[in-house]
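Engineer: Contents of upload08.cif (mmCIF, C-alpha atoms and all ligand atoms) are given next:
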data_input
#
loop_
_atom_site.label_atom_id
_atom_site.label_comp_id
_atom_site.auth_asym_id
_atom_site.auth_seq_id
_atom_site.Cartn_x
_atom_site.Cartn_y
_atom_site.Cartn_z
CA MET R 1 9.75 2.06 -6.91
CA VAL R 2 9.15 5.55 -5.54
CA GLN R 3 8.80 5.63 -1.76
CA ALA R 4 7.03 8.26 0.32
CA TYR R 5 8.87 9.61 3.37
CA ILE R 6 8.29 12.43 5.83
CA SER R 7 10.76 15.15 4.89
CA GLY R 8 9.61 17.77 7.41
CA THR R 9 7.53 18.13 10.57
CA GLY R 10 6.13 21.14 12.39
CA PHE R 11 3.58 22.11 14.99
CA TYR R 12 1.92 25.12 16.54
CA VAL R 13 -0.05 25.51 19.74
CA PRO R 14 -1.61 28.80 20.79
CA PRO R 15 0.21 30.57 23.64
CA ARG R 16 -2.70 30.63 26.12
CA VAL R 17 -2.21 27.79 28.62
CA VAL R 18 -5.42 26.68 30.36
CA THR R 19 -4.75 24.48 33.38
CA ASN R 20 -7.39 22.30 34.99
CA ASP R 21 -7.67 24.92 37.72
CA ASP R 22 -8.21 27.60 35.04
CA LEU R 23 -11.08 25.52 33.67
CA ILE R 24 -12.68 25.72 37.10
CA HIS R 25 -11.88 29.32 38.08
CA THR R 26 -11.84 31.13 34.72
CA TYR R 27 -14.37 29.10 32.73
CA GLY R 28 -16.65 27.90 35.55
CA VAL R 29 -16.41 24.17 34.81
CA GLU R 30 -17.58 22.03 37.76
CA THR R 31 -14.63 19.68 37.96
CA THR R 32 -11.43 19.03 39.89
CA HIS R 33 -7.79 18.81 38.85
CA GLU R 34 -7.66 15.35 40.46
CA TRP R 35 -10.67 14.02 38.48
CA ILE R 36 -9.21 15.09 35.14
CA VAL R 37 -5.65 13.90 35.88
CA GLN R 38 -6.71 10.54 37.30
CA ARG R 39 -9.07 9.70 34.43
CA THR R 40 -7.13 11.16 31.50
CA GLY R 41 -3.63 12.38 32.45
CA ILE R 42 -4.47 15.91 31.22
CA GLU R 43 -3.03 18.78 33.29
CA ALA R 44 -3.43 21.65 30.81
CA ARG R 45 -4.46 22.45 27.26
CA ARG R 46 -4.08 25.46 24.94
CA PHE R 47 -6.99 27.69 23.86
CA ALA R 48 -6.74 29.95 20.82
CA ASP R 49 -7.95 33.54 21.12
CA ALA R 50 -11.09 34.72 19.35
CA GLY R 51 -10.21 35.67 15.80
CA VAL R 52 -7.77 32.77 15.35
CA GLY R 53 -9.02 30.09 12.96
CA THR R 54 -7.99 26.48 12.37
CA SER R 55 -6.16 27.38 9.14
CA ASP R 56 -4.19 30.12 11.00
CA MET R 57 -2.71 27.55 13.37
CA ALA R 58 -2.22 25.15 10.46
CA LEU R 59 -0.28 27.86 8.62
CA GLU R 60 2.27 28.14 11.45
CA ALA R 61 2.70 24.36 11.62
CA ALA R 62 2.97 24.14 7.82
CA ARG R 63 5.65 26.86 7.63
CA SER R 64 7.67 25.02 10.22
CA ALA R 65 7.34 21.68 8.37
CA LEU R 66 8.29 23.32 5.06
CA GLY R 67 11.34 24.87 6.75
CA GLU R 68 12.48 21.54 8.16
CA ALA R 69 12.05 19.95 4.71
CA ARG R 70 13.95 22.92 3.15
CA LEU R 71 11.05 23.52 0.78
CA GLU R 72 8.95 26.50 -0.27
CA ALA R 73 5.16 26.46 -0.41
CA HIS R 74 5.48 26.52 -4.22
CA ASP R 75 7.16 23.10 -4.11
CA LEU R 76 3.90 21.55 -2.89
CA ASP R 77 1.68 19.57 -5.26
CA LEU R 78 -1.21 18.87 -2.88
CA ILE R 79 -2.56 19.93 0.53
CA VAL R 80 -4.48 17.43 2.68
CA PHE R 81 -6.13 19.05 5.69
CA ALA R 82 -7.61 16.91 8.47
CA THR R 83 -9.95 18.64 10.92
CA LEU R 84 -13.33 18.32 12.61
CA SER R 85 -13.33 22.03 13.44
CA PRO R 86 -12.97 23.88 10.12
CA GLU R 87 -13.65 27.61 10.04
CA HIS R 88 -17.03 27.07 8.35
CA ALA R 89 -19.45 24.34 7.30
CA PHE R 90 -17.95 24.80 3.84
CA PRO R 91 -15.58 25.29 2.17
CA GLY R 92 -13.04 23.27 4.13
CA SER R 93 -9.98 24.74 5.82
CA GLY R 94 -7.64 23.43 3.09
CA VAL R 95 -8.40 26.23 0.65
CA TYR R 96 -7.91 28.88 3.34
CA LEU R 97 -4.53 27.39 4.14
CA GLN R 98 -3.60 27.26 0.47
CA GLN R 99 -4.35 30.96 0.10
CA LYS R 100 -2.54 31.88 3.35
CA LEU R 101 0.56 30.05 2.14
CA GLY R 102 0.71 32.64 -0.66
CA LEU R 103 0.08 30.08 -3.38
CA CYS R 104 -2.56 32.14 -5.19
CA GLU R 105 -0.52 35.32 -5.56
CA GLY R 106 1.63 36.80 -8.30
CA GLU R 107 3.01 35.49 -11.56
CA ASN R 108 4.12 32.25 -9.95
CA ALA R 109 0.70 31.42 -8.50
CA LYS R 110 0.30 27.68 -8.16
CA PHE R 111 -3.25 26.51 -7.65
CA VAL R 112 -2.44 23.25 -5.90
CA PRO R 113 -5.41 21.08 -4.99
CA ALA R 114 -6.59 21.28 -1.38
CA LEU R 115 -8.44 18.33 0.09
CA ASP R 116 -10.19 18.23 3.46
CA VAL R 117 -10.39 14.99 5.43
CA ARG R 118 -13.23 14.43 7.92
CA ASN R 119 -12.08 11.56 10.09
CA GLN R 120 -11.78 13.15 13.52
CA CYS R 121 -9.21 11.47 15.80
CA SER R 122 -7.87 9.27 13.00
CA GLY R 123 -8.00 12.16 10.50
CA PHE R 124 -4.22 12.51 10.39
CA LEU R 125 -3.69 8.85 9.48
CA TYR R 126 -6.41 9.01 6.81
CA ALA R 127 -4.73 12.15 5.43
CA LEU R 128 -1.27 10.55 5.59
CA SER R 129 -2.54 7.52 3.70
CA THR R 130 -3.94 9.79 0.96
CA ALA R 131 -0.65 11.69 0.68
CA VAL R 132 1.42 8.50 0.51
CA ALA R 133 -0.84 7.08 -2.22
CA HIS R 134 -0.44 10.25 -4.31
CA VAL R 135 3.35 10.20 -3.96
CA ARG R 136 3.71 6.50 -4.70
CA ALA R 137 1.45 6.82 -7.73
CA GLY R 138 3.66 9.59 -9.10
CA MET R 139 0.83 12.14 -8.86
CA ALA R 140 2.74 14.39 -6.42
CA ARG R 141 6.33 14.85 -5.23
CA HIS R 142 5.60 16.90 -2.10
CA VAL R 143 2.33 16.82 -0.16
CA LEU R 144 1.52 18.97 2.88
CA VAL R 145 -0.50 17.00 5.44
CA VAL R 146 -2.02 18.97 8.30
CA GLY R 147 -4.06 18.04 11.34
CA ALA R 148 -5.46 21.10 13.12
CA GLU R 149 -8.29 21.83 15.53
CA THR R 150 -9.95 24.77 17.26
CA HIS R 151 -11.95 23.02 19.95
CA SER R 152 -12.10 25.83 22.49
CA ALA R 153 -14.79 27.73 20.60
CA ALA R 154 -17.26 24.85 20.82
CA LEU R 155 -16.99 23.37 24.32
CA ASP R 156 -20.05 23.06 26.55
CA LEU R 157 -18.66 24.30 29.86
CA SER R 158 -21.91 23.57 31.74
CA PRO R 159 -22.21 20.49 34.06
CA ASP R 160 -23.87 18.62 31.15
CA GLY R 161 -20.81 19.07 28.97
CA ARG R 162 -17.97 18.93 31.47
CA THR R 163 -16.82 15.39 30.60
CA VAL R 164 -16.13 16.33 26.97
CA ALA R 165 -15.06 19.92 27.74
CA SER R 166 -12.32 18.71 30.11
CA LEU R 167 -10.61 16.74 27.36
CA PHE R 168 -10.02 18.97 24.35
CA GLY R 169 -7.49 21.61 23.35
CA ASP R 170 -6.41 23.58 20.28
CA GLY R 171 -3.35 23.10 18.09
CA ALA R 172 -1.94 22.07 14.73
CA GLY R 173 0.65 19.61 13.45
CA ALA R 174 1.99 19.27 9.92
CA VAL R 175 4.22 16.99 7.89
CA ILE R 176 5.57 17.08 4.35
CA VAL R 177 5.30 13.74 2.56
CA SER R 178 7.92 13.63 -0.22
CA ALA R 179 9.02 11.23 -2.92
CA THR R 180 12.34 9.41 -2.59
CA GLU R 181 14.22 6.66 -4.39
CA GLU R 182 15.70 5.54 -1.05
CA ASP R 183 14.37 2.39 0.59
CA ARG R 184 12.73 4.11 3.56
CA GLY R 185 9.64 6.04 4.57
CA VAL R 186 6.00 5.24 5.20
CA ARG R 187 5.75 1.47 4.70
CA GLY R 188 2.00 1.25 5.10
CA VAL R 189 -1.07 2.89 6.59
CA TYR R 190 -3.93 0.60 7.62
CA LEU R 191 -7.32 2.19 8.08
CA GLY R 192 -10.70 1.02 9.33
CA ALA R 193 -14.18 2.26 10.23
CA ASP R 194 -17.35 0.95 11.86
CA GLY R 195 -20.34 3.14 11.07
CA ARG R 196 -22.59 1.31 13.53
CA TYR R 197 -21.05 3.58 16.18
CA ALA R 198 -21.40 6.85 14.23
CA GLU R 199 -23.42 8.54 16.97
CA VAL R 200 -21.44 7.36 20.01
CA LEU R 201 -19.17 10.40 19.66
CA CYS R 202 -20.60 13.15 17.48
CA GLN R 203 -21.55 16.80 17.18
CA LYS R 204 -24.69 17.04 15.06
CA ILE R 205 -25.55 20.77 14.98
CA TRP R 206 -28.08 20.13 12.20
CA ASP R 207 -29.93 17.29 10.47
CA ILE R 208 -29.95 17.96 6.72
CA ARG R 209 -33.00 15.68 6.31
CA GLU R 210 -35.15 18.20 8.18
CA ARG R 211 -36.90 21.21 6.56
CA PRO R 212 -35.54 23.69 7.38
CA PHE R 213 -32.33 21.99 8.44
CA ILE R 214 -32.06 24.43 11.38
CA LYS R 215 -35.28 25.78 12.90
CA LYS R 216 -35.74 29.44 12.16
CA ASN R 217 -36.76 32.12 14.65
CA ALA R 218 -39.13 34.95 13.67
CA ASP R 219 -36.13 37.14 12.75
CA ARG R 220 -34.78 34.35 10.42
CA SER R 221 -31.90 33.56 12.78
CA GLY R 222 -31.31 29.86 13.49
CA ASN R 223 -32.19 27.96 16.62
CA VAL R 224 -30.05 24.94 17.50
CA PRO R 225 -31.17 22.94 20.55
CA ALA R 226 -28.43 22.20 23.11
CA ASP R 227 -28.41 18.45 22.40
CA ARG R 228 -27.36 19.22 18.80
CA LEU R 229 -25.07 22.15 19.49
CA TRP R 230 -22.45 20.35 21.57
CA ALA R 231 -20.39 17.23 21.08
CA THR R 232 -21.81 14.22 22.89
CA MET R 233 -19.95 11.04 23.81
CA ASP R 234 -20.49 7.69 25.50
CA GLY R 235 -17.01 7.84 27.03
CA LYS R 236 -16.91 4.33 28.49
CA LEU R 237 -17.91 2.72 25.18
CA VAL R 238 -15.31 4.77 23.28
CA PHE R 239 -12.64 3.81 25.84
CA LYS R 240 -13.42 0.09 25.55
CA HIS R 241 -13.37 0.08 21.74
CA ALA R 242 -10.29 2.32 21.59
CA VAL R 243 -8.13 -0.15 23.51
CA GLY R 244 -9.18 -3.25 21.56
CA THR R 245 -9.18 -1.60 18.15
CA MET R 246 -5.83 0.18 18.53
CA LEU R 247 -4.27 -3.11 19.59
CA ALA R 248 -5.79 -4.93 16.61
CA ALA R 249 -4.77 -2.15 14.18
CA LEU R 250 -1.17 -2.27 15.43
CA MET R 251 -1.04 -6.08 15.19
CA ARG R 252 -2.44 -5.91 11.64
CA ALA R 253 0.22 -3.37 10.63
CA CYS R 254 3.03 -5.42 12.21
CA SER R 255 1.83 -8.61 10.60
CA ALA R 256 1.60 -6.94 7.15
CA HIS R 257 5.30 -6.07 7.47
CA LYS R 258 6.34 -9.34 9.12
CA ILE R 259 7.69 -7.56 12.17
CA GLY R 260 7.06 -7.96 15.89
CA VAL R 261 6.07 -5.26 18.35
CA GLU R 262 9.61 -5.51 19.79
CA ASP R 263 11.03 -4.33 16.43
CA ILE R 264 9.38 -0.92 16.84
CA ASP R 265 11.53 1.81 18.39
CA LEU R 266 8.89 4.48 18.94
CA PHE R 267 5.08 4.40 19.25
CA LEU R 268 3.19 7.59 18.45
CA PHE R 269 -0.36 7.16 19.69
CA HIS R 270 -3.34 9.49 19.36
CA GLN R 271 -3.55 11.49 22.60
CA ALA R 272 -7.17 10.96 23.69
CA ASN R 273 -6.54 9.58 27.13
CA MET R 274 -3.24 8.58 28.71
CA ARG R 275 -4.97 5.60 30.38
CA ILE R 276 -6.02 4.21 26.97
CA ASN R 277 -2.44 4.41 25.70
CA GLN R 278 -0.94 2.97 28.89
CA TYR R 279 -3.36 0.06 28.70
CA VAL R 280 -2.47 -0.59 25.05
CA ALA R 281 1.25 -0.40 25.93
CA GLN R 282 0.79 -2.80 28.82
CA GLN R 283 -1.03 -5.31 26.60
CA LEU R 284 1.76 -5.06 24.01
CA GLY R 285 4.48 -5.32 26.67
CA VAL R 286 6.12 -2.10 25.44
CA PRO R 287 8.35 -0.14 27.87
CA ASP R 288 7.22 3.40 28.79
CA GLU R 289 10.24 5.09 27.19
CA LYS R 290 9.06 3.96 23.73
CA ILE R 291 5.73 5.74 24.14
CA PRO R 292 5.98 9.53 24.43
CA HIS R 293 2.94 11.50 25.60
CA ASN R 294 2.07 15.17 25.47
CA ILE R 295 -1.59 14.95 26.51
CA GLN R 296 -0.52 16.33 29.91
CA ARG R 297 0.29 19.69 28.22
CA TYR R 298 -2.11 19.87 25.26
CA GLY R 299 -5.13 17.66 26.04
CA ASN R 300 -6.80 15.98 23.08
CA THR R 301 -6.21 17.99 19.89
CA THR R 302 -7.94 15.31 17.76
CA ALA R 303 -6.47 15.33 14.21
CA ALA R 304 -3.44 17.27 15.46
CA THR R 305 -2.26 14.91 18.21
CA ILE R 306 -0.04 12.59 16.16
CA PRO R 307 1.67 15.24 14.00
CA ILE R 308 2.34 17.41 17.10
CA LEU R 309 3.76 14.39 18.96
CA LEU R 310 5.86 13.49 15.91
CA ALA R 311 7.25 17.02 15.51
CA GLU R 312 8.14 17.14 19.22
CA ALA R 313 9.84 13.74 19.00
CA VAL R 314 11.98 15.02 16.10
CA ARG R 315 12.89 18.22 17.96
CA ASP R 316 13.65 16.40 21.23
CA GLY R 317 15.93 13.92 19.46
CA LYS R 318 13.68 10.98 20.42
CA LEU R 319 13.22 10.14 16.75
CA ARG R 320 16.40 9.53 14.76
CA PRO R 321 17.14 8.23 11.26
CA GLY R 322 16.91 4.46 11.00
CA MET R 323 14.30 4.08 13.72
CA LYS R 324 11.09 2.15 13.11
CA VAL R 325 7.95 4.06 14.12
CA ALA R 326 4.39 2.87 14.67
CA MET R 327 1.41 5.22 14.81
CA ALA R 328 -2.12 4.37 15.93
CA ALA R 329 -5.35 6.30 16.39
CA PHE R 330 -8.98 5.63 17.18
CA GLY R 331 -12.00 7.88 17.51
CA SER R 332 -15.31 9.22 16.34
CA GLY R 333 -16.94 7.34 13.50
CA PHE R 334 -15.72 4.92 14.77
CA THR R 335 -12.65 5.31 12.60
CA TRP R 336 -9.12 4.13 13.24
CA GLY R 337 -5.73 3.58 11.69
CA ALA R 338 -2.17 2.40 12.22
CA ALA R 339 1.01 3.16 10.29
CA ILE R 340 4.55 1.78 10.10
CA ILE R 341 7.36 4.16 9.12
CA ASP R 342 11.09 3.57 8.66
CA TRP R 343 12.42 6.99 9.64
O1 LIG K 1 -10.39 11.30 20.87
C1 LIG K 1 -11.74 11.03 21.00
C2 LIG K 1 -11.95 9.72 21.59
N1 LIG K 1 -12.37 9.87 22.95
C3 LIG K 1 -11.90 9.08 23.88
O2 LIG K 1 -11.06 8.25 23.61
C4 LIG K 1 -12.47 9.19 25.27
C5 LIG K 1 -12.61 7.83 25.88
N2 LIG K 1 -13.28 7.88 27.18
C6 LIG K 1 -12.66 8.39 28.26
O3 LIG K 1 -11.53 8.82 28.20
C7 LIG K 1 -13.41 8.37 29.58
O4 LIG K 1 -14.65 7.72 29.40
C8 LIG K 1 -13.65 9.78 30.15
C9 LIG K 1 -12.35 10.33 30.70
C10 LIG K 1 -14.17 10.71 29.09
C11 LIG K 1 -14.66 9.74 31.31
O5 LIG K 1 -14.24 8.83 32.29
P1 LIG K 1 -15.31 7.80 32.90
O6 LIG K 1 -14.61 7.05 33.94
O7 LIG K 1 -15.91 7.03 31.78
O8 LIG K 1 -16.35 8.79 33.59
P2 LIG K 1 -17.94 8.85 33.43
O9 LIG K 1 -18.31 9.65 32.22
O10 LIG K 1 -18.54 7.50 33.58
O11 LIG K 1 -18.30 9.69 34.70
C12 LIG K 1 -18.02 9.18 36.03
C13 LIG K 1 -18.43 10.24 37.04
C14 LIG K 1 -19.86 10.71 36.86
O12 LIG K 1 -20.39 10.96 38.13
P3 LIG K 1 -21.34 9.88 38.87
O13 LIG K 1 -22.50 9.68 37.93
O14 LIG K 1 -20.49 8.65 39.02
O15 LIG K 1 -21.68 10.55 40.16
C15 LIG K 1 -19.72 12.01 36.12
O16 LIG K 1 -20.78 12.90 36.34
O17 LIG K 1 -17.62 11.39 36.90
C16 LIG K 1 -18.45 12.55 36.70
N3 LIG K 1 -17.76 13.46 35.81
C17 LIG K 1 -16.94 14.44 36.24
N4 LIG K 1 -16.58 14.82 37.46
C18 LIG K 1 -15.72 15.84 37.56
C19 LIG K 1 -17.78 13.47 34.46
N5 LIG K 1 -16.98 14.43 33.99
C20 LIG K 1 -16.45 15.05 35.08
C21 LIG K 1 -15.55 16.11 35.24
N6 LIG K 1 -15.21 16.46 36.50
N7 LIG K 1 -14.99 16.76 34.20
#
Using the file provided, produce a representation of the structure as structure tokens.
Ligand code: UT7
Structural biologist:
Amino acid sequence: MVQAYISGTGFYVPPRVVTNDDLIHTYGVETTHEWIVQRTGIEARRFADAGVGTSDMALEAARSALGEARLEAHDLDLIVFATLSPEHAFPGSGVYLQQKLGLCEGENAKFVPALDVRNQCSGFLYALSTAVAHVRAGMARHVLVVGAETHSAALDLSPDGRTVASLFGDGAGAVIVSATEEDRGVRGVYLGADGRYAEVLCQKIWDIRERPFIKKNADRSGNVPADRLWATMDGKLVFKHAVGTMLAALMRACSAHKIGVEDIDLFLFHQANMRINQYVAQQLGVPDEKIPHNIQRYGNTTAATIPILLAEAVRDGKLRPGMKVAMAAFGSGFTWGAAIIDW
């Protein structure tokens, strides 16, 4: 049976480093370095410059992943793009990335399908699951999976928004999911969702049931009230559910493969809050060295956290062939997922 494995990884973060002190002094956020570090572990994040879009960062990550896999963009059969911060309401960022990869040009143009995934913090695992299914079904040999976010453009830096604004950063991570006859690769991705909590962490901007969907001013420009414009979150509720659900998702994945937590060599967790991940690790009895973090440097990059962490683990030599990897994510929706990979 054809297996699906990750043949290449890559990531890109914009060069502008924004420390917690920069948030205070440059952006005027009423916070302290101590508050942010104690509650989340975040020390800095990256902000993209104006003019840089989500698919631009994705392009850099994708090129790097293609290079590691020793593939060209024309080898791809499908693009799956996970983001909650696409360039526009529609179309999704996937088609922009497809065009930027040069796939639409010249005699060899290859109009590969481009699919956008809207699952926020677990977007990468939803996208990975889709890619693996395509490869295993024989519908694709090489799939580009990207998680990318431009949060910095849409943060409420006022006292009302500081809790959310302190958490998020920009960046992109990418993997190539390829077919192989070898007995290795992504063993399973286990997804879940609970729509009862859809509005616990959300950014509404408009309500399509209303007429007009955005109130119009006399000059026909739109008027979005502040409570719709910015992301809102009940942080404590998200925290509580994140811990329990990530634990349950990991146990479900282990049990499906008849393995114990101790059989896993490396845990790649969504980087929403270092305290959430430390609590999950403590409950599982997993030593710190098996759980890398980069939230200190990048903050929460939502769909990009796991592929960035993965690409760094490959580059740092923390992830080597033969190792067993577990991934887990939880976030807005609520949506969640866990994956087991034999690297
Ligand atoms: O990937 C998406 C999924 N998201 C998550 O997983 C986030 C999960 N939740 C969390 O990580 C935590 O709930 C937060 C880190 C977001 C917040 O921590 P918290 O302990 O739940 O804080 P809180 O919102 O209850 O606020 C506690 C206090 C409040 O002040 P009072 O009312 O106690 O006087 C806030 O006004 O901290 C204040 N506060 C801040 N102070 C300084 C809130 N944000 C800030 C801030 N700087 N940035």
Engineer: Using only C-alpha atoms, which residue out of R:Val145, R:Ala137, R:Lys324, R:Arg70 lies closest to R:Ala339?
Structural biologist: R:Lys324
Engineer: So which one's closest to ligand LIG 1 (chain K), R:Arg39, R:His293, R:Arg209, R:Lys100? Using all atoms listed in the file, please.
Structural biologist: R:Arg39
Engineer: Could the centre and edge lengths of an axis-aligned box, enclosing all atoms of stretch 191-210 of chain R in the file with 5 Å extra on each side, be given in Å to one decimal as AutoDock Vina command-line options?
Structural biologist:
--center_x -21.2 --center_y 10.9 --center_z 13.2 --size_x 37.8 --size_y 29.8 --size_z 23.7
Engineer: Using only C-alpha atoms and all ligand atoms, find each residue of chain R with at least one atom at most 9 Å away from an atom of ligand LIG 1 (chain K); report its shortest atom-to-atom pair and that distance in Å (one decimal), sort the rows by chain and rising residue number, and return the result as a tab-separated table.
Structural biologist:
residue	atom	partner	partner_atom	distance
R:Val29	CA	K:LIG1	N7	7.6
R:Glu30	CA	K:LIG1	N6	6.2
R:Thr31	CA	K:LIG1	N6	3.6
R:Thr32	CA	K:LIG1	N6	5.7
R:His33	CA	K:LIG1	N6	8.1
R:Glu34	CA	K:LIG1	C18	8.6
R:Trp35	CA	K:LIG1	C18	5.4
R:Ile36	CA	K:LIG1	N7	6.1
R:Gln38	CA	K:LIG1	C9	8.7
R:Arg39	CA	K:LIG1	C9	5.0
R:Thr40	CA	K:LIG1	C9	5.3
R:Gln120	CA	K:LIG1	O1	7.7
R:Cys121	CA	K:LIG1	O1	5.2
R:Ser122	CA	K:LIG1	O1	8.5
R:Pro159	CA	K:LIG1	C20	8.0
R:Asp160	CA	K:LIG1	O16	8.3
R:Gly161	CA	K:LIG1	N5	7.8
R:Arg162	CA	K:LIG1	N7	4.6
R:Thr163	CA	K:LIG1	N5	3.5
R:Val164	CA	K:LIG1	C10	6.3
R:Ala165	CA	K:LIG1	N7	7.2
R:Ser166	CA	K:LIG1	N7	5.3
R:Leu167	CA	K:LIG1	C10	7.2
R:Phe168	CA	K:LIG1	O1	8.4
R:Leu201	CA	K:LIG1	C2	7.5
R:Met233	CA	K:LIG1	N1	7.7
R:Asp234	CA	K:LIG1	O4	7.0
R:Gly235	CA	K:LIG1	O4	3.3
R:Lys236	CA	K:LIG1	O4	4.2
R:Leu237	CA	K:LIG1	N2	7.2
R:Val238	CA	K:LIG1	C5	4.8
R:Phe239	CA	K:LIG1	C5	4.0
R:Lys240	CA	K:LIG1	C5	7.8
R:His241	CA	K:LIG1	O2	8.7
R:Ala242	CA	K:LIG1	O2	6.3
R:Val243	CA	K:LIG1	O2	8.9
R:His270	CA	K:LIG1	O1	7.4
R:Gln271	CA	K:LIG1	O1	7.1
R:Ala272	CA	K:LIG1	O1	4.3
R:Asn273	CA	K:LIG1	O3	5.2
R:Met274	CA	K:LIG1	O3	8.3
R:Arg275	CA	K:LIG1	O3	7.6
R:Ile276	CA	K:LIG1	O2	7.3
R:Asn300	CA	K:LIG1	O1	6.3
R:Thr301	CA	K:LIG1	O1	7.9
R:Thr302	CA	K:LIG1	O1	5.6
R:Ala303	CA	K:LIG1	O1	8.7
R:Ala329	CA	K:LIG1	O1	8.4
R:Phe330	CA	K:LIG1	C2	6.7
R:Gly331	CA	K:LIG1	C2	4.5
R:Ser332	CA	K:LIG1	C1	6.1
Engineer: One decimal, in Å: what's the spacing between atom CA of R:His142 and atom CA of R:Arg320?
Structural biologist: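 Atom CA of R:Arg320 lies at a distance of 21.3 Å from atom CA of R:His142.
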Engineer: Have a look at atom CA of R:Tyr279 and atom CA of R:Ala326 and let me know their distance in Å, one decimal.
Structural biologist: 16.3 Å
Engineer: Report as a CSV table (one decimal) with C-alpha atoms, in the coordinates of the input all protein, DNA and RNA residues lying within 12 Å of R:Ala226, evaluated on only C-alpha atoms, omitting residues in the same chain fewer than 2 positions from it.
Structural biologist:
chain,number,residue,atom,x,y,z
R,154,ALA,CA,-17.3,24.8,20.8
R,155,LEU,CA,-17.0,23.4,24.3
R,156,ASP,CA,-20.0,23.1,26.6
R,158,SER,CA,-21.9,23.6,31.7
R,160,ASP,CA,-23.9,18.6,31.2
R,161,GLY,CA,-20.8,19.1,29.0
R,203,GLN,CA,-21.6,16.8,17.2
R,204,LYS,CA,-24.7,17.0,15.1
R,205,ILE,CA,-25.6,20.8,15.0
R,206,TRP,CA,-28.1,20.1,12.2
R,223,ASN,CA,-32.2,28.0,16.6
R,224,VAL,CA,-30.0,24.9,17.5
R,228,ARG,CA,-27.4,19.2,18.8
R,229,LEU,CA,-25.1,22.2,19.5
R,230,TRP,CA,-22.4,20.4,21.6
R,231,ALA,CA,-20.4,17.2,21.1
R,232,THR,CA,-21.8,14.2,22.9
Engineer: So, counting all atoms listed in the file, which residue among R:Asn108, R:Asn119, R:Asn294, R:Gln99 is closest to R:Ala198?
Structural biologist: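 Closest to R:Ala198 of all the choices is R:Asn119.
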